Amino acid sequence: MRAAILGGDKRMLYAAKAFSDDGFDVSISGFDRLCSMCDIEILNAPEAVLKADILVLPVRPCDGESLNAPSCAEKIKLSELSSLSGSKPIFTGCSDRMKEYFSGNIYDYSKREDFAVRNAVLTAEGALELLMREYERSIFASRALVLGYGRIGKVLSRYLRSLGADVTVAARKSSARIWAEIDGMKTLDYSFKELKEFHIIFNTVPSPVLGAAIIDTLDDDAFIIDLASLPGGVDFHRAKGRGLSCIHALGLPGKCAPMAAGKIIEETICNIIKEENGGKDNFGLCDDRLLLHL
Ligand code: NAP
């Protein structure tokens with residue numbers, strides 16, 4: 001089976017390597033300065049699409065009407081790829097806009113729990129790395145607040161606690177707050193009127209939970225990292241206006257652990273293929289009958 005890896009950042013190079021290590025034939029496209037890469041063929045995008053059995057797109061697949069390919073100077077139009085892809089299966093993140101372009105089955109690996117949980121671990125590690133680099137006090141004995149107790153919130157609050165921080169978790173569901181307490185955290189709901197006591201605040205909630213009125217109550221030395229996808233959950237304008245340290249840290253898995261992030265993409269796609277093939281992988285065999293369900 002031949003996979004075409006199209007565009008993306010460094011993690012897609014590692015995803016390509018992982019596919020190759022797992023017995024796929026692999027073509028790659030959308031990286032200008034790549035001259036050779038193990039047994040992987042470097043092709044232009046139309047050739048890669050035509051030759052492949054499956055197409056693999058990045059977590060964020062598009063940049064306007066083009067493929068998201070930051071390492072490629074030339075714009076690769078998605079409409080051009082779609083006209084060549086026929087009914088080939090597409091594996092991509094953030095699939096919603098891809099339906100406009102591709103007629104083959106579209107599998108969104110980023111919506112799967114196996115991807116999201118492992119990606120949350122990398123995000124939490126990246127968030128800690130950023131905190132250690134930019135925060136000028138120690139994490140040990142700091143009072144840290146984590147807004148949200150989903151995948152990232154859970155892993156991050158455990159990491160902070162293991163470094164000796166006094167961790168409080170804000171969660172809207174009482175069940176989430178109970179789990180946080182079982183995990184050794186203090187808890188809050190969102191009825192708080194001020195958050196003056198916290199040195200470090202991480203937001204993981206993709207909704208506006210840290211608005212202007214609450215920001216006005218924060219300590220002058222509060223350090224805020226928003227991890228939620230755009231537009232995030234923090235009123236940055238107000239926070240910057242107050243002179244607070246405030247970072248919207250996005251795409252951490254790709255920036256901080258591209259090798260692990262690429263492997264997670266590859267393993268998630270392999271899981272999808274196995275599930276669609278009734279538990280068999282058959283990756284090394286290029287037999288159309290094995291792709292019946294894809
Ligand atoms: P998740 O498991 O869905 O957790 C989200 C948390 O936010 C849950 O605790 C959820 O509570 C809470 N929440 C959602 N809407 C809320 C609201 N209106 N008010 C209060 N709480 C609310 O998501 P995740 O995997 O942890 O990801 C969190 C965010 O990080 C997402 O925006 C995701 O796209 C982003 N992300 C960022 C990076 C990065 O590099 N920065 C990497 C991966 C993902 P309930 O359980 O009550 O719904």
# chains A, B, ... in the order shown; residues from 1 in each chain; ligands from 1
call {"tool": "closest_atom_pairs", "arguments": {"of": "chain A", "to": "ligand 1", "cutoff": "8 Å", "atoms": "only C-alpha atoms and all ligand atoms", "output": "tab-separated table"}}
result
residue	atom	partner	partner_atom_place_in_ligand_line	distance
A:Ala116	CA	ligand 1	25 (O)	5.8
A:Val117	CA	ligand 1	25 (O)	6.7
A:Asn119	CA	ligand 1	43 (C)	6.1
A:Ala120	CA	ligand 1	25 (O)	5.8
A:Leu122	CA	ligand 1	42 (C)	7.9
A:Thr123	CA	ligand 1	40 (O)	5.1
A:Gly126	CA	ligand 1	40 (O)	7.6
A:Ala127	CA	ligand 1	41 (N)	7.7
A:Leu147	CA	ligand 1	7 (O)	7.5
A:Gly148	CA	ligand 1	9 (O)	3.9
A:Tyr149	CA	ligand 1	9 (O)	3.9
A:Gly150	CA	ligand 1	4 (O)	3.3
A:Arg151	CA	ligand 1	26 (O)	3.8
A:Ile152	CA	ligand 1	26 (O)	3.8
A:Gly153	CA	ligand 1	26 (O)	5.6
A:Lys154	CA	ligand 1	26 (O)	7.7
A:Ala171	CA	ligand 1	9 (O)	6.0
A:Arg172	CA	ligand 1	47 (O)	5.3
A:Lys173	CA	ligand 1	47 (O)	5.1
A:Ala176	CA	ligand 1	46 (O)	7.0
A:Tyr190	CA	ligand 1	20 (C)	7.4
A:Thr204	CA	ligand 1	28 (C)	4.6
A:Val205	CA	ligand 1	7 (O)	3.8
A:Pro206	CA	ligand 1	32 (O)	4.5
A:Ser207	CA	ligand 1	18 (N)	5.0
A:Pro208	CA	ligand 1	18 (N)	7.3
A:Val209	CA	ligand 1	19 (N)	6.5
A:Asp226	CA	ligand 1	41 (N)	7.3
A:Leu227	CA	ligand 1	41 (N)	3.9
A:Ala228	CA	ligand 1	32 (O)	3.7
A:Ser229	CA	ligand 1	32 (O)	4.0
A:Leu230	CA	ligand 1	32 (O)	7.3
A:Gly232	CA	ligand 1	32 (O)	7.0
A:His248	CA	ligand 1	41 (N)	7.6
A:Ala249	CA	ligand 1	41 (N)	5.1
A:Leu250	CA	ligand 1	41 (N)	3.8
A:Gly251	CA	ligand 1	40 (O)	3.7
A:Leu252	CA	ligand 1	40 (O)	3.6
A:Pro253	CA	ligand 1	40 (O)	5.7
A:Gly254	CA	ligand 1	40 (O)	7.8
call {"tool": "select_by_dssp", "arguments": {"residues": "stretch 53-265 of chain A", "states": "strand (DSSP E or B)", "output": "PDB file with N, CA and C atoms, in the first residue's frame"}}
result
ATOM      1  N   ILE A  54      -3.478   5.784  -0.558  1.00  0.00           N
ATOM      2  CA  ILE A  54      -4.126   6.624   0.459  1.00  0.00           C
ATOM      3  C   ILE A  54      -3.391   7.964   0.543  1.00  0.00           C
ATOM      4  N   LEU A  55      -4.140   9.004   0.877  1.00  0.00           N
ATOM      5  CA  LEU A  55      -3.543  10.335   1.007  1.00  0.00           C
ATOM      6  C   LEU A  55      -3.577  10.737   2.474  1.00  0.00           C
ATOM      7  N   VAL A  56      -2.448  11.299   2.949  1.00  0.00           N
ATOM      8  CA  VAL A  56      -2.356  11.700   4.357  1.00  0.00           C
ATOM      9  C   VAL A  56      -2.075  13.196   4.411  1.00  0.00           C
ATOM     10  N   CYS A  62      -5.492  22.827   5.578  1.00  0.00           N
ATOM     11  CA  CYS A  62      -5.554  23.864   4.547  1.00  0.00           C
ATOM     12  C   CYS A  62      -5.119  25.233   5.047  1.00  0.00           C
ATOM     13  N   ASP A  63      -4.671  25.988   4.069  1.00  0.00           N
ATOM     14  CA  ASP A  63      -4.266  27.373   4.300  1.00  0.00           C
ATOM     15  C   ASP A  63      -5.019  28.143   3.209  1.00  0.00           C
ATOM     16  N   SER A  66      -5.449  26.504  -0.334  1.00  0.00           N
ATOM     17  CA  SER A  66      -4.269  25.676  -0.634  1.00  0.00           C
ATOM     18  C   SER A  66      -4.001  24.676   0.479  1.00  0.00           C
ATOM     19  N   LEU A  67      -3.175  23.693   0.128  1.00  0.00           N
ATOM     20  CA  LEU A  67      -2.691  22.748   1.136  1.00  0.00           C
ATOM     21  C   LEU A  67      -1.821  23.506   2.143  1.00  0.00           C
ATOM     22  N   LYS A  77      -2.670  24.027  -4.745  1.00  0.00           N
ATOM     23  CA  LYS A  77      -4.120  24.226  -4.683  1.00  0.00           C
ATOM     24  C   LYS A  77      -4.822  22.906  -4.339  1.00  0.00           C
ATOM     25  N   ILE A  90      -8.852   9.611   2.190  1.00  0.00           N
ATOM     26  CA  ILE A  90      -8.069  10.745   2.687  1.00  0.00           C
ATOM     27  C   ILE A  90      -8.019  10.641   4.206  1.00  0.00           C
ATOM     28  N   PHE A  91      -6.834  10.719   4.765  1.00  0.00           N
ATOM     29  CA  PHE A  91      -6.665  10.757   6.230  1.00  0.00           C
ATOM     30  C   PHE A  91      -6.162  12.154   6.571  1.00  0.00           C
ATOM     31  N   THR A  92      -6.927  12.869   7.383  1.00  0.00           N
ATOM     32  CA  THR A  92      -6.592  14.265   7.638  1.00  0.00           C
ATOM     33  C   THR A  92      -7.033  14.664   9.033  1.00  0.00           C
ATOM     34  N   ILE A 106     -13.356  10.300   3.806  1.00  0.00           N
ATOM     35  CA  ILE A 106     -12.457  11.170   4.569  1.00  0.00           C
ATOM     36  C   ILE A 106     -12.446  10.695   6.016  1.00  0.00           C
ATOM     37  N   TYR A 107     -11.260  10.365   6.511  1.00  0.00           N
ATOM     38  CA  TYR A 107     -11.106   9.900   7.898  1.00  0.00           C
ATOM     39  C   TYR A 107     -10.366  10.973   8.682  1.00  0.00           C
ATOM     40  N   ASP A 108     -11.016  11.496   9.714  1.00  0.00           N
ATOM     41  CA  ASP A 108     -10.402  12.559  10.513  1.00  0.00           C
ATOM     42  C   ASP A 108      -9.715  11.937  11.729  1.00  0.00           C
ATOM     43  N   ARG A 143       1.386  28.580  43.302  1.00  0.00           N
ATOM     44  CA  ARG A 143      -0.048  28.254  43.276  1.00  0.00           C
ATOM     45  C   ARG A 143      -0.496  28.312  41.816  1.00  0.00           C
ATOM     46  N   ALA A 144      -0.859  27.128  41.286  1.00  0.00           N
ATOM     47  CA  ALA A 144      -1.203  27.023  39.866  1.00  0.00           C
ATOM     48  C   ALA A 144      -2.690  26.725  39.708  1.00  0.00           C
ATOM     49  N   LEU A 145      -3.294  27.372  38.710  1.00  0.00           N
ATOM     50  CA  LEU A 145      -4.704  27.114  38.384  1.00  0.00           C
ATOM     51  C   LEU A 145      -4.765  26.538  36.982  1.00  0.00           C
ATOM     52  N   VAL A 146      -5.485  25.417  36.823  1.00  0.00           N
ATOM     53  CA  VAL A 146      -5.707  24.838  35.504  1.00  0.00           C
ATOM     54  C   VAL A 146      -7.201  24.939  35.215  1.00  0.00           C
ATOM     55  N   LEU A 147      -7.543  25.697  34.174  1.00  0.00           N
ATOM     56  CA  LEU A 147      -8.948  25.856  33.793  1.00  0.00           C
ATOM     57  C   LEU A 147      -9.297  24.734  32.821  1.00  0.00           C
ATOM     58  N   ASP A 166       1.118  23.773  44.019  1.00  0.00           N
ATOM     59  CA  ASP A 166      -0.164  23.642  44.711  1.00  0.00           C
ATOM     60  C   ASP A 166      -1.227  23.877  43.632  1.00  0.00           C
ATOM     61  N   VAL A 167      -1.878  22.802  43.161  1.00  0.00           N
ATOM     62  CA  VAL A 167      -2.688  22.896  41.942  1.00  0.00           C
ATOM     63  C   VAL A 167      -4.182  22.954  42.254  1.00  0.00           C
ATOM     64  N   THR A 168      -4.845  23.950  41.665  1.00  0.00           N
ATOM     65  CA  THR A 168      -6.306  24.041  41.720  1.00  0.00           C
ATOM     66  C   THR A 168      -6.831  23.853  40.303  1.00  0.00           C
ATOM     67  N   VAL A 169      -7.923  23.096  40.188  1.00  0.00           N
ATOM     68  CA  VAL A 169      -8.546  22.846  38.888  1.00  0.00           C
ATOM     69  C   VAL A 169      -9.922  23.501  38.887  1.00  0.00           C
ATOM     70  N   ALA A 170     -10.222  24.231  37.810  1.00  0.00           N
ATOM     71  CA  ALA A 170     -11.593  24.744  37.644  1.00  0.00           C
ATOM     72  C   ALA A 170     -12.293  23.875  36.602  1.00  0.00           C
ATOM     73  N   LYS A 186      -6.986  20.791  44.408  1.00  0.00           N
ATOM     74  CA  LYS A 186      -8.092  21.603  44.917  1.00  0.00           C
ATOM     75  C   LYS A 186      -8.998  21.917  43.722  1.00  0.00           C
ATOM     76  N   THR A 187     -10.233  22.304  43.993  1.00  0.00           N
ATOM     77  CA  THR A 187     -11.126  22.562  42.848  1.00  0.00           C
ATOM     78  C   THR A 187     -11.940  23.834  43.021  1.00  0.00           C
ATOM     79  N   LEU A 188     -12.372  24.355  41.871  1.00  0.00           N
ATOM     80  CA  LEU A 188     -13.267  25.516  41.796  1.00  0.00           C
ATOM     81  C   LEU A 188     -14.301  25.232  40.716  1.00  0.00           C
ATOM     82  N   ILE A 200       0.371  31.012  38.535  1.00  0.00           N
ATOM     83  CA  ILE A 200       0.415  30.423  37.181  1.00  0.00           C
ATOM     84  C   ILE A 200      -1.016  30.030  36.809  1.00  0.00           C
ATOM     85  N   ILE A 201      -1.438  30.422  35.607  1.00  0.00           N
ATOM     86  CA  ILE A 201      -2.788  30.042  35.157  1.00  0.00           C
ATOM     87  C   ILE A 201      -2.670  29.433  33.760  1.00  0.00           C
ATOM     88  N   PHE A 202      -3.142  28.203  33.643  1.00  0.00           N
ATOM     89  CA  PHE A 202      -3.228  27.555  32.327  1.00  0.00           C
ATOM     90  C   PHE A 202      -4.693  27.470  31.937  1.00  0.00           C
ATOM     91  N   ASN A 203      -5.028  27.883  30.723  1.00  0.00           N
ATOM     92  CA  ASN A 203      -6.385  27.649  30.245  1.00  0.00           C
ATOM     93  C   ASN A 203      -6.391  26.548  29.192  1.00  0.00           C
ATOM     94  N   LEU A 210     -11.705  33.377  30.874  1.00  0.00           N
ATOM     95  CA  LEU A 210     -10.877  34.341  31.596  1.00  0.00           C
ATOM     96  C   LEU A 210     -11.077  35.709  30.938  1.00  0.00           C
ATOM     97  N   PHE A 223       1.120  34.661  35.678  1.00  0.00           N
ATOM     98  CA  PHE A 223       1.688  34.208  34.396  1.00  0.00           C
ATOM     99  C   PHE A 223       0.635  33.313  33.733  1.00  0.00           C
ATOM    100  N   ILE A 224       0.167  33.726  32.558  1.00  0.00           N
ATOM    101  CA  ILE A 224      -0.963  33.014  31.923  1.00  0.00           C
ATOM    102  C   ILE A 224      -0.489  32.310  30.650  1.00  0.00           C
ATOM    103  N   ILE A 225      -0.847  31.027  30.526  1.00  0.00           N
ATOM    104  CA  ILE A 225      -0.630  30.327  29.242  1.00  0.00           C
ATOM    105  C   ILE A 225      -1.980  29.766  28.797  1.00  0.00           C
ATOM    106  N   ASP A 226      -2.431  30.206  27.621  1.00  0.00           N
ATOM    107  CA  ASP A 226      -3.685  29.711  27.051  1.00  0.00           C
ATOM    108  C   ASP A 226      -3.339  28.619  26.042  1.00  0.00           C
ATOM    109  N   VAL A 234      -8.928  33.355  26.765  1.00  0.00           N
ATOM    110  CA  VAL A 234      -8.392  34.433  27.599  1.00  0.00           C
ATOM    111  C   VAL A 234      -8.554  35.768  26.858  1.00  0.00           C
ATOM    112  N   SER A 245       2.130  38.744  31.933  1.00  0.00           N
ATOM    113  CA  SER A 245       2.763  37.792  31.004  1.00  0.00           C
ATOM    114  C   SER A 245       1.680  36.838  30.534  1.00  0.00           C
ATOM    115  N   CYS A 246       1.486  36.785  29.245  1.00  0.00           N
ATOM    116  CA  CYS A 246       0.347  36.035  28.716  1.00  0.00           C
ATOM    117  C   CYS A 246       0.725  35.447  27.356  1.00  0.00           C
ATOM    118  N   ILE A 247       0.683  34.138  27.231  1.00  0.00           N
ATOM    119  CA  ILE A 247       1.117  33.484  25.984  1.00  0.00           C
ATOM    120  C   ILE A 247      -0.012  32.604  25.474  1.00  0.00           C
ATOM    121  N   HIS A 248      -0.323  32.725  24.186  1.00  0.00           N
ATOM    122  CA  HIS A 248      -1.251  31.770  23.566  1.00  0.00           C
ATOM    123  C   HIS A 248      -0.397  30.734  22.839  1.00  0.00           C
TER     124      HIS A 248
END
call {"tool": "residues_around", "arguments": {"residues": "stretch 4-16 of chain A", "least_positions_apart": "6", "cutoff": "8 Å", "atoms": "only C-alpha atoms", "output": "JSON, numbers by chain"}}
result
{"A": [26, 27, 28, 29, 30, 31, 40, 45, 48, 49, 51, 52, 53, 54, 55, 56, 57, 58, 59, 60, 61, 67, 68, 69, 70, 71, 72, 254, 258, 259, 260, 261, 262, 263, 264, 265, 266]}
call {"tool": "write_last_selection", "arguments": {"atoms": "C-alpha atoms", "output": "compact mmCIF listing (two decimals), in the first residue's frame"}}
result
# COMPACT_ATOMS: atom_id res chain seq x y z
CA VAL A 26 5.70 6.19 0.93
CA SER A 27 5.81 9.32 -1.23
CA ILE A 28 6.16 12.77 0.25
CA SER A 29 5.39 16.18 -1.15
CA GLY A 30 5.33 19.80 0.04
CA PHE A 31 8.85 20.16 1.48
CA ILE A 40 10.78 7.60 0.80
CA ALA A 45 2.05 16.82 -5.20
CA ALA A 48 2.27 11.77 -5.28
CA VAL A 49 -1.53 11.84 -5.35
CA LYS A 51 0.66 7.17 -7.40
CA ALA A 52 -0.77 6.66 -3.91
CA ASP A 53 -3.45 4.36 -2.53
CA ILE A 54 -4.13 6.62 0.46
CA LEU A 55 -3.54 10.33 1.01
CA VAL A 56 -2.36 11.70 4.36
CA LEU A 57 -2.86 15.39 5.14
CA PRO A 58 -1.66 17.39 8.16
CA VAL A 59 -3.57 18.11 11.37
CA ARG A 60 -4.37 21.53 9.91
CA PRO A 61 -4.75 20.57 6.25
CA LEU A 67 -2.69 22.75 1.14
CA ASN A 68 -1.07 23.79 4.44
CA ALA A 69 2.56 23.30 3.42
CA PRO A 70 4.70 25.86 5.29
CA SER A 71 7.95 24.36 3.98
CA CYS A 72 6.94 24.77 0.35
CA GLY A 254 4.47 19.69 16.43
CA PRO A 258 7.56 16.40 16.32
CA MET A 259 8.89 12.83 16.24
CA ALA A 260 6.34 11.60 18.79
CA ALA A 261 3.60 13.71 17.18
CA GLY A 262 4.31 12.18 13.76
CA LYS A 263 4.30 8.66 15.17
CA ILE A 264 0.93 9.34 16.84
CA ILE A 265 -0.53 10.44 13.50
CA GLU A 266 0.79 7.30 11.81
call {"tool": "select_by_dssp", "arguments": {"residues": "stretch 76-125 of chain A", "states": "alpha helix (DSSP H)", "output": "ChimeraX atom specification"}}
result
/A:78-85,113-125
call {"tool": "write_last_selection", "arguments": {"atoms": "N, CA and C atoms", "output": "CSV table (one decimal), in the first residue's frame"}}
result
chain,number,residue,atom,x,y,z
A,78,LEU,N,-5.7,22.9,-3.4
A,78,LEU,CA,-6.4,21.7,-3.0
A,78,LEU,C,-7.3,21.3,-4.1
A,79,SER,N,-7.9,22.2,-4.9
A,79,SER,CA,-8.8,21.8,-6.0
A,79,SER,C,-8.0,21.0,-7.0
A,80,GLU,N,-6.7,21.3,-7.2
A,80,GLU,CA,-5.9,20.6,-8.2
A,80,GLU,C,-5.7,19.1,-7.7
A,81,LEU,N,-5.4,19.0,-6.4
A,81,LEU,CA,-5.2,17.6,-5.8
A,81,LEU,C,-6.5,16.8,-5.9
A,82,SER,N,-7.6,17.5,-5.6
A,82,SER,CA,-8.9,16.8,-5.5
A,82,SER,C,-9.3,16.2,-6.9
A,83,SER,N,-8.9,17.0,-8.0
A,83,SER,CA,-9.3,16.5,-9.3
A,83,SER,C,-8.5,15.2,-9.7
A,84,LEU,N,-7.4,15.0,-9.0
A,84,LEU,CA,-6.6,13.8,-9.3
A,84,LEU,C,-6.8,12.6,-8.3
A,85,SER,N,-7.5,12.9,-7.2
A,85,SER,CA,-7.5,11.9,-6.1
A,85,SER,C,-8.6,10.9,-6.3
A,113,GLU,N,-10.3,9.6,19.8
A,113,GLU,CA,-9.8,9.7,21.2
A,113,GLU,C,-8.4,9.2,21.3
A,114,ASP,N,-8.0,8.1,20.5
A,114,ASP,CA,-6.6,7.6,20.7
A,114,ASP,C,-5.6,8.7,20.2
A,115,PHE,N,-6.0,9.4,19.2
A,115,PHE,CA,-5.1,10.5,18.8
A,115,PHE,C,-5.1,11.7,19.9
A,116,ALA,N,-6.3,12.1,20.3
A,116,ALA,CA,-6.4,13.3,21.2
A,116,ALA,C,-5.8,13.1,22.5
A,117,VAL,N,-5.9,11.9,23.1
A,117,VAL,CA,-5.3,11.6,24.4
A,117,VAL,C,-3.8,11.7,24.3
A,118,ARG,N,-3.2,11.0,23.3
A,118,ARG,CA,-1.8,11.0,23.2
A,118,ARG,C,-1.2,12.4,22.9
A,119,ASN,N,-2.0,13.1,22.0
A,119,ASN,CA,-1.6,14.4,21.7
A,119,ASN,C,-1.7,15.4,22.9
A,120,ALA,N,-2.6,15.1,23.8
A,120,ALA,CA,-2.7,15.9,25.0
A,120,ALA,C,-1.5,15.7,25.9
A,121,VAL,N,-0.9,14.5,25.9
A,121,VAL,CA,0.3,14.3,26.7
A,121,VAL,C,1.4,15.2,26.1
A,122,LEU,N,1.6,15.2,24.8
A,122,LEU,CA,2.6,16.0,24.2
A,122,LEU,C,2.3,17.5,24.4
A,123,THR,N,1.1,17.9,24.4
A,123,THR,CA,0.7,19.3,24.6
A,123,THR,C,1.1,19.7,26.1
A,124,ALA,N,0.8,18.8,27.0
A,124,ALA,CA,1.1,19.1,28.4
A,124,ALA,C,2.6,19.2,28.6
A,125,GLU,N,3.3,18.3,28.0
A,125,GLU,CA,4.8,18.4,28.1
A,125,GLU,C,5.3,19.7,27.5
